[in-house]
$ cat start21.cif   # mmCIF, C-alpha atoms and all ligand atoms
data_upload
loop_
_atom_site.label_atom_id
_atom_site.label_comp_id
_atom_site.auth_asym_id
_atom_site.auth_seq_id
_atom_site.Cartn_x
_atom_site.Cartn_y
_atom_site.Cartn_z
CA MET G 129 142.77 33.31 73.63
CA LYS G 130 145.44 30.92 74.94
CA THR G 131 145.09 27.17 74.59
CA TYR G 132 144.99 25.47 77.98
CA ILE G 133 146.59 22.07 78.54
CA ILE G 134 145.77 21.02 82.08
CA GLY G 135 146.83 17.78 83.75
CA ASN G 136 144.78 16.48 86.66
CA TRP G 137 146.96 14.09 88.66
CA LYS G 138 144.06 13.21 91.00
CA MET G 139 145.15 11.12 94.03
CA ASN G 140 148.34 9.87 92.37
CA PHE G 141 152.06 10.33 93.19
CA THR G 142 153.62 10.84 96.61
CA VAL G 143 155.15 14.24 97.34
CA GLY G 144 158.56 12.93 96.25
CA GLU G 145 157.19 11.37 93.06
CA SER G 146 155.32 14.58 92.24
CA SER G 147 158.54 16.54 92.50
CA LEU G 148 160.45 14.12 90.27
CA PHE G 149 157.64 14.13 87.73
CA LEU G 150 157.41 17.92 87.66
CA ASN G 151 161.16 18.09 87.19
CA LYS G 152 160.89 15.76 84.21
CA LEU G 153 158.16 17.95 82.70
CA LEU G 154 160.09 21.17 83.31
CA GLN G 155 163.01 19.78 81.34
CA LYS G 156 160.79 19.03 78.34
CA VAL G 157 158.15 21.77 78.32
CA HIS G 158 158.84 24.98 76.40
CA ALA G 159 157.50 28.32 77.59
CA TYR G 160 155.03 29.15 74.79
CA ARG G 161 153.14 32.42 75.16
CA ASP G 162 149.95 31.08 73.62
CA ILE G 163 149.85 27.70 75.42
CA GLU G 164 149.06 27.66 79.13
CA VAL G 165 150.37 24.46 80.71
CA VAL G 166 148.97 23.65 84.13
CA VAL G 167 149.24 20.64 86.44
CA SER G 168 147.00 19.79 89.34
CA PRO G 169 148.89 17.74 91.93
CA SER G 170 147.67 16.35 95.21
CA LEU G 171 147.18 19.03 97.85
CA MET G 172 150.06 17.45 99.79
CA ALA G 173 152.54 18.37 97.06
CA ILE G 174 151.31 21.83 96.18
CA GLN G 175 153.46 23.76 98.65
CA SER G 176 156.74 22.19 97.58
CA LEU G 177 155.90 22.20 93.86
CA SER G 178 155.02 25.89 94.07
CA LEU G 179 158.64 26.55 95.06
CA GLN G 180 159.99 24.17 92.44
CA THR G 181 158.01 25.10 89.35
CA ASP G 182 158.88 27.67 86.74
CA ARG G 183 155.53 29.40 86.31
CA ARG G 184 156.44 30.62 82.82
CA LYS G 185 156.37 26.96 81.80
CA ILE G 186 153.99 25.20 84.18
CA LYS G 187 151.43 26.72 86.51
CA LEU G 188 149.71 24.92 89.36
CA CYS G 189 146.10 24.12 90.05
CA ALA G 190 144.33 22.73 93.12
CA GLN G 191 141.89 19.85 92.69
CA ASN G 192 139.44 21.13 95.28
CA CYS G 193 138.88 23.83 97.89
CA TYR G 194 136.40 24.91 100.56
CA HIS G 195 134.32 28.04 100.05
CA ARG G 196 134.95 29.70 103.45
CA ASP G 197 138.19 31.67 103.83
CA PHE G 198 139.11 30.63 107.43
CA GLY G 199 137.50 28.97 110.43
CA ALA G 200 136.48 25.78 112.17
CA TYR G 201 136.17 23.48 109.14
CA THR G 202 138.27 20.47 110.06
CA GLY G 203 140.04 18.86 107.15
CA GLU G 204 139.22 21.57 104.61
CA VAL G 205 141.54 23.91 102.72
CA SER G 206 140.42 27.38 101.67
CA VAL G 207 141.18 29.36 98.55
CA THR G 208 142.73 32.01 100.80
CA GLN G 209 145.25 29.37 101.90
CA LEU G 210 145.84 28.21 98.33
CA ARG G 211 146.08 31.58 96.70
CA ALA G 212 149.85 32.13 97.02
CA LEU G 213 150.55 28.64 95.70
CA VAL G 214 148.28 28.05 92.68
CA ASP G 215 146.69 30.00 89.85
CA TYR G 216 143.73 27.68 89.16
CA VAL G 217 141.29 25.50 91.10
CA ILE G 218 139.21 22.66 89.62
CA VAL G 219 135.64 22.66 90.83
CA GLY G 220 132.68 20.41 90.13
CA HIS G 221 134.76 17.51 88.83
CA SER G 222 132.47 14.51 88.34
CA GLU G 223 134.44 12.56 90.96
CA ARG G 224 133.53 15.29 93.45
CA ARG G 225 129.92 15.42 92.28
CA TYR G 226 129.28 11.67 92.29
CA ILE G 227 131.68 10.17 94.85
CA PHE G 228 131.53 13.05 97.36
CA ASN G 229 127.98 14.17 96.58
CA GLU G 230 128.83 17.78 95.84
CA SER G 231 125.78 19.73 94.74
CA ASP G 232 125.51 22.70 92.39
CA LYS G 233 125.08 24.81 95.53
CA ASP G 234 128.45 23.61 96.93
CA ILE G 235 130.00 24.15 93.53
CA ARG G 236 128.75 27.71 93.03
CA SER G 237 129.98 28.71 96.51
CA LYS G 238 133.42 27.38 95.59
CA VAL G 239 133.40 29.14 92.20
CA SER G 240 132.65 32.47 93.87
CA ALA G 241 135.30 31.91 96.59
CA ILE G 242 137.88 31.19 93.88
CA ILE G 243 137.03 34.38 92.00
CA ARG G 244 136.87 36.42 95.21
CA ASN G 245 140.42 35.29 95.95
CA GLY G 246 141.70 36.20 92.50
CA LEU G 247 142.22 32.68 91.13
CA THR G 248 140.68 31.03 88.07
CA PRO G 249 138.03 28.34 88.54
CA ILE G 250 137.91 25.43 86.11
CA LEU G 251 134.25 24.45 86.32
CA CYS G 252 133.65 20.87 85.15
CA VAL G 253 130.29 19.91 83.71
CA GLY G 254 129.10 16.76 81.97
CA GLU G 255 126.33 14.26 81.71
CA THR G 256 126.40 10.64 82.87
CA GLU G 257 125.86 7.70 80.54
CA SER G 258 122.23 7.26 81.61
CA GLU G 259 121.45 10.98 81.32
CA ARG G 260 122.77 10.82 77.77
CA THR G 261 120.75 7.69 76.98
CA PHE G 262 117.57 9.39 78.23
CA GLY G 263 118.20 12.47 76.09
CA GLU G 264 118.90 14.72 79.09
CA THR G 265 122.34 15.99 78.04
CA ALA G 266 121.21 19.51 77.12
CA ASP G 267 119.26 19.98 80.37
CA VAL G 268 122.11 18.64 82.50
CA LEU G 269 124.67 20.90 80.87
CA ARG G 270 122.42 23.93 81.17
CA ASP G 271 121.70 23.20 84.86
CA GLN G 272 125.34 22.57 85.72
CA VAL G 273 126.63 25.63 83.86
CA LEU G 274 124.01 28.04 85.23
CA GLY G 275 124.02 26.33 88.65
CA GLY G 276 127.81 26.69 88.92
CA LEU G 277 127.88 30.30 87.75
CA SER G 278 124.87 31.76 89.52
CA GLU G 279 126.87 33.56 92.23
CA VAL G 280 129.34 35.06 89.75
CA SER G 281 128.76 38.64 88.62
CA ALA G 282 128.22 39.17 84.89
CA GLU G 283 131.59 40.86 84.42
CA ASP G 284 133.41 37.92 86.06
CA ILE G 285 131.78 35.13 84.05
CA SER G 286 134.48 35.02 81.38
CA LYS G 287 137.11 34.54 84.11
CA VAL G 288 135.69 31.05 84.60
CA ILE G 289 137.05 28.24 82.43
CA ILE G 290 134.43 25.61 81.66
CA ALA G 291 135.52 22.01 81.05
CA TYR G 292 133.06 19.71 79.31
CA GLU G 293 133.77 16.27 80.73
CA PRO G 294 131.12 13.67 79.87
CA VAL G 295 131.22 11.23 82.78
CA TRP G 296 131.00 8.23 80.42
CA ALA G 297 134.27 9.26 78.77
CA ILE G 298 136.38 9.70 81.92
CA SER G 299 138.82 6.82 82.20
CA GLY G 300 139.22 6.90 85.97
CA HIS G 301 135.55 6.12 86.67
CA ASP G 302 135.12 3.32 84.33
CA LYS G 303 137.72 1.06 82.81
CA ALA G 304 135.37 0.67 79.85
CA ALA G 305 135.03 4.43 79.35
CA ARG G 306 134.02 5.30 75.82
CA VAL G 307 135.84 7.83 73.76
CA ALA G 308 133.74 10.88 72.85
CA SER G 309 133.67 11.68 69.16
CA PRO G 310 134.71 15.21 68.17
CA LEU G 311 131.13 15.66 66.94
CA ASP G 312 129.74 14.83 70.43
CA VAL G 313 132.13 17.36 71.91
CA GLN G 314 131.33 20.02 69.32
CA ASP G 315 127.59 19.63 70.04
CA ALA G 316 128.18 20.07 73.78
CA PHE G 317 130.42 23.10 73.22
CA LYS G 318 127.76 24.71 71.00
CA LEU G 319 125.17 24.12 73.67
CA ILE G 320 127.33 25.58 76.44
CA ARG G 321 128.18 28.64 74.33
CA SER G 322 124.51 29.18 73.54
CA VAL G 323 123.57 28.97 77.23
CA LEU G 324 126.29 31.55 77.98
CA LYS G 325 125.11 33.75 75.12
CA GLU G 326 121.45 33.66 76.12
CA THR G 327 122.26 34.40 79.74
CA TYR G 328 125.28 36.71 79.66
CA GLY G 329 125.50 37.96 76.06
CA LYS G 330 127.57 37.29 72.97
CA THR G 331 130.87 38.84 74.12
CA THR G 332 130.97 36.87 77.37
CA ALA G 333 130.06 33.67 75.53
CA GLU G 334 132.92 34.20 73.10
CA GLU G 335 135.45 35.16 75.77
CA THR G 336 134.82 32.16 78.04
CA ALA G 337 137.33 29.33 77.55
CA LEU G 338 135.86 25.89 76.89
CA LEU G 339 137.97 22.78 77.44
CA PHE G 340 137.30 19.14 76.75
CA GLY G 341 138.24 16.29 79.07
CA GLY G 342 137.65 12.54 78.85
CA SER G 343 140.23 9.91 77.87
CA VAL G 344 142.33 12.43 75.96
CA LYS G 345 145.63 10.98 74.74
CA SER G 346 148.30 12.05 72.29
CA THR G 347 146.53 9.96 69.64
CA ASN G 348 143.19 11.81 69.83
CA ALA G 349 144.13 15.24 71.26
CA GLU G 350 144.36 16.88 67.85
CA SER G 351 140.84 15.84 66.86
CA TYR G 352 139.44 17.82 69.81
CA LEU G 353 141.85 20.75 69.56
CA LEU G 354 140.82 21.27 65.93
CA LEU G 355 137.20 21.96 66.94
CA ASP G 356 136.23 25.61 66.47
CA ASP G 357 135.03 26.06 70.02
CA CYS G 358 137.85 24.19 71.78
CA ASN G 359 140.21 26.27 73.92
CA GLY G 360 142.09 23.37 75.44
CA LEU G 361 142.07 20.04 77.21
CA LEU G 362 141.74 18.71 80.75
CA ILE G 363 143.68 15.47 80.95
CA GLY G 364 143.59 12.80 83.66
CA GLY G 365 145.33 9.46 82.99
CA ALA G 366 147.56 10.65 80.14
CA SER G 367 148.88 13.54 82.25
CA LEU G 368 150.61 10.96 84.49
CA ILE G 369 152.81 9.82 81.58
CA ALA G 370 155.41 12.49 80.84
CA PRO G 371 155.91 11.78 77.10
CA GLU G 372 152.13 11.66 76.55
CA PHE G 373 151.57 14.97 78.31
CA THR G 374 154.47 16.73 76.59
CA ASP G 375 153.37 15.34 73.19
CA ILE G 376 149.88 16.79 73.77
CA ILE G 377 151.45 20.19 74.52
CA GLU G 378 153.38 20.06 71.25
CA ILE G 379 150.22 19.04 69.36
CA ALA G 380 148.40 22.01 70.89
CA LYS G 381 151.21 24.32 69.78
CA ARG G 382 151.10 22.91 66.23
CA VAL G 383 147.32 23.39 66.02
CA LYS G 384 147.63 26.91 67.42
CA ASP G 385 150.34 27.88 64.91
CA ALA G 386 148.35 26.39 62.02
CA ASN G 387 145.34 28.52 62.98
CA ALA G 388 147.31 31.72 63.65
C1 LIG Z 401 139.34 13.79 84.32
O1 LIG Z 401 139.07 13.04 85.25
O2 LIG Z 401 139.25 15.02 84.43
C2 LIG Z 401 139.79 13.18 83.07
C3 LIG Z 401 139.63 13.87 81.98
O3 LIG Z 401 140.30 11.92 83.15
P1 LIG Z 401 140.82 10.98 81.96
O4 LIG Z 401 141.63 11.85 81.02
O5 LIG Z 401 141.68 9.95 82.63
O6 LIG Z 401 139.62 10.41 81.30
#

$ encode --input "start21.cif" --output "structure tokens"
Amino acid sequence: MKTYIIGNWKMNFTVGESSLFLNKLLQKVHAYRDIEVVVSPSLMAIQSLSLQTDRRKIKLCAQNCYHRDFGAYTGEVSVTQLRALVDYVIVGHSERRYIFNESDKDIRSKVSAIIRNGLTPILCVGETESERTFGETADVLRDQVLGGLSEVSAEDISKVIIAYEPVWAISGHDKAARVASPLDVQDAFKLIRSVLKETYGKTTAEETALLFGGSVKSTNAESYLLLDDCNGLLIGGASLIAPEFTDIIEIAKRVKDANA
């Protein structure tokens, strides 16, 4: 399986800044067969960046979508409209769940629309600080994984990438975000794989990519990438700093080659 290095730019950069930043990345990023580099710009910039990018080096991802294909849904953008421009769509990000009150029902409709349109969903799951304190992590992860996947047919499950993003470790929410230890992440990965195995079988569980996200930087990326179950990283803040993001890509390549 490839290693995924995905940058989520969130609501940062104007269209012009996005283009300059992508250009900077394209000059530095190598086209590695076994490393999939993806950036997720603002919706505003997606059209122009889709013409600018070299997809062998950097693919594009949308940060959100609506589950209907067309119609009277003012302000929304469908996967049908995105499908010529991006390869991936993030869904269920904690900022969507907690700031915009997206439910598992909204999320599963989006996951199935993304698959129906031939793109890859990156389904984010993760517990909040208080859920963790009250010992609810396992239940939350199970509910979010099964809740997000329940409209996907068994043969399509492994097309979904799952990103474990504990809310308490995401830097954008909380300036005092804590850094997750590799052991915390390994425990969550094991749990997610066992939920997938129980529900969809061993092969699907092994073929589904699991990413980690939460205050990943070039200084800690390796510790997560070395985990047995880790197939990549979803990176917020550090993906807005070109040398940080490109260093993380090189670290991923080094880890991949060492394990080959
Ligand atoms: C995110 O919001 O998906 C994320 C991982 O952010 P950060 O890397 O800034 O914690």

$ residues_near_ligand --input "start21.cif" --ligand "ligand LIG 401 (chain Z)" --cutoff "9 Å" --atoms "all atoms listed in the file" --output "PyMOL selection string"
chain G and resi 135-138+221-223+252+291+293-302+305+307+340-345+361-367

$ closest_residue --input "start21.cif" --among "G:Asp271, G:Asp357, G:Asp375, G:Glu257" --to "His158 (chain G)" --atoms "all atoms listed in the file"
G:Asp375

$ residues_near_point --input "start21.cif" --point "(147.4, 15.4, 95.5)" --cutoff "9 Å" --atoms "all atoms listed in the file" --output "PDB file with C-alpha atoms, in the frame of the given file"
ATOM      1  CA  TRP G 137     146.960  14.090  88.660  1.00  0.00           C
ATOM      2  CA  LYS G 138     144.060  13.210  91.000  1.00  0.00           C
ATOM      3  CA  MET G 139     145.150  11.120  94.030  1.00  0.00           C
ATOM      4  CA  ASN G 140     148.340   9.870  92.370  1.00  0.00           C
ATOM      5  CA  PHE G 141     152.060  10.330  93.190  1.00  0.00           C
ATOM      6  CA  THR G 142     153.620  10.840  96.610  1.00  0.00           C
ATOM      7  CA  VAL G 143     155.150  14.240  97.340  1.00  0.00           C
ATOM      8  CA  SER G 146     155.320  14.580  92.240  1.00  0.00           C
ATOM      9  CA  SER G 168     147.000  19.790  89.340  1.00  0.00           C
ATOM     10  CA  PRO G 169     148.890  17.740  91.930  1.00  0.00           C
ATOM     11  CA  SER G 170     147.670  16.350  95.210  1.00  0.00           C
ATOM     12  CA  LEU G 171     147.180  19.030  97.850  1.00  0.00           C
ATOM     13  CA  MET G 172     150.060  17.450  99.790  1.00  0.00           C
ATOM     14  CA  ALA G 173     152.540  18.370  97.060  1.00  0.00           C
ATOM     15  CA  ILE G 174     151.310  21.830  96.180  1.00  0.00           C
ATOM     16  CA  ALA G 190     144.330  22.730  93.120  1.00  0.00           C
ATOM     17  CA  GLN G 191     141.890  19.850  92.690  1.00  0.00           C
TER      18      GLN G 191
END

$ atom_distance --input "start21.cif" --atom1 "CA of Ile134 (chain G)" --atom2 "CA of Val217 (chain G)"
11.0 Å

$ atom_distance --input "start21.cif" --atom1 "CA of Leu247 (chain G)" --atom2 "CA of Val268 (chain G)"
26.0 Å

$ closest_residue --input "start21.cif" --among "G:Leu148, G:Val253, G:Leu339, G:Leu153" --to "Leu355 (chain G)" --atoms "only C-alpha atoms"
G:Leu339

$ closest_residue --input "start21.cif" --among "G:Ser278, G:Ser206, G:Ser346, G:Ser351" --to "Thr327 (chain G)" --atoms "only C-alpha atoms"
G:Ser278

$ residues_around --input "start21.cif" --residues "Ser231 (chain G)" --least-positions-apart "6" --cutoff "10 Å" --atoms "only C-alpha atoms" --output "MDAnalysis selection string"
chainID G and resid 220 224:225 272 275:276
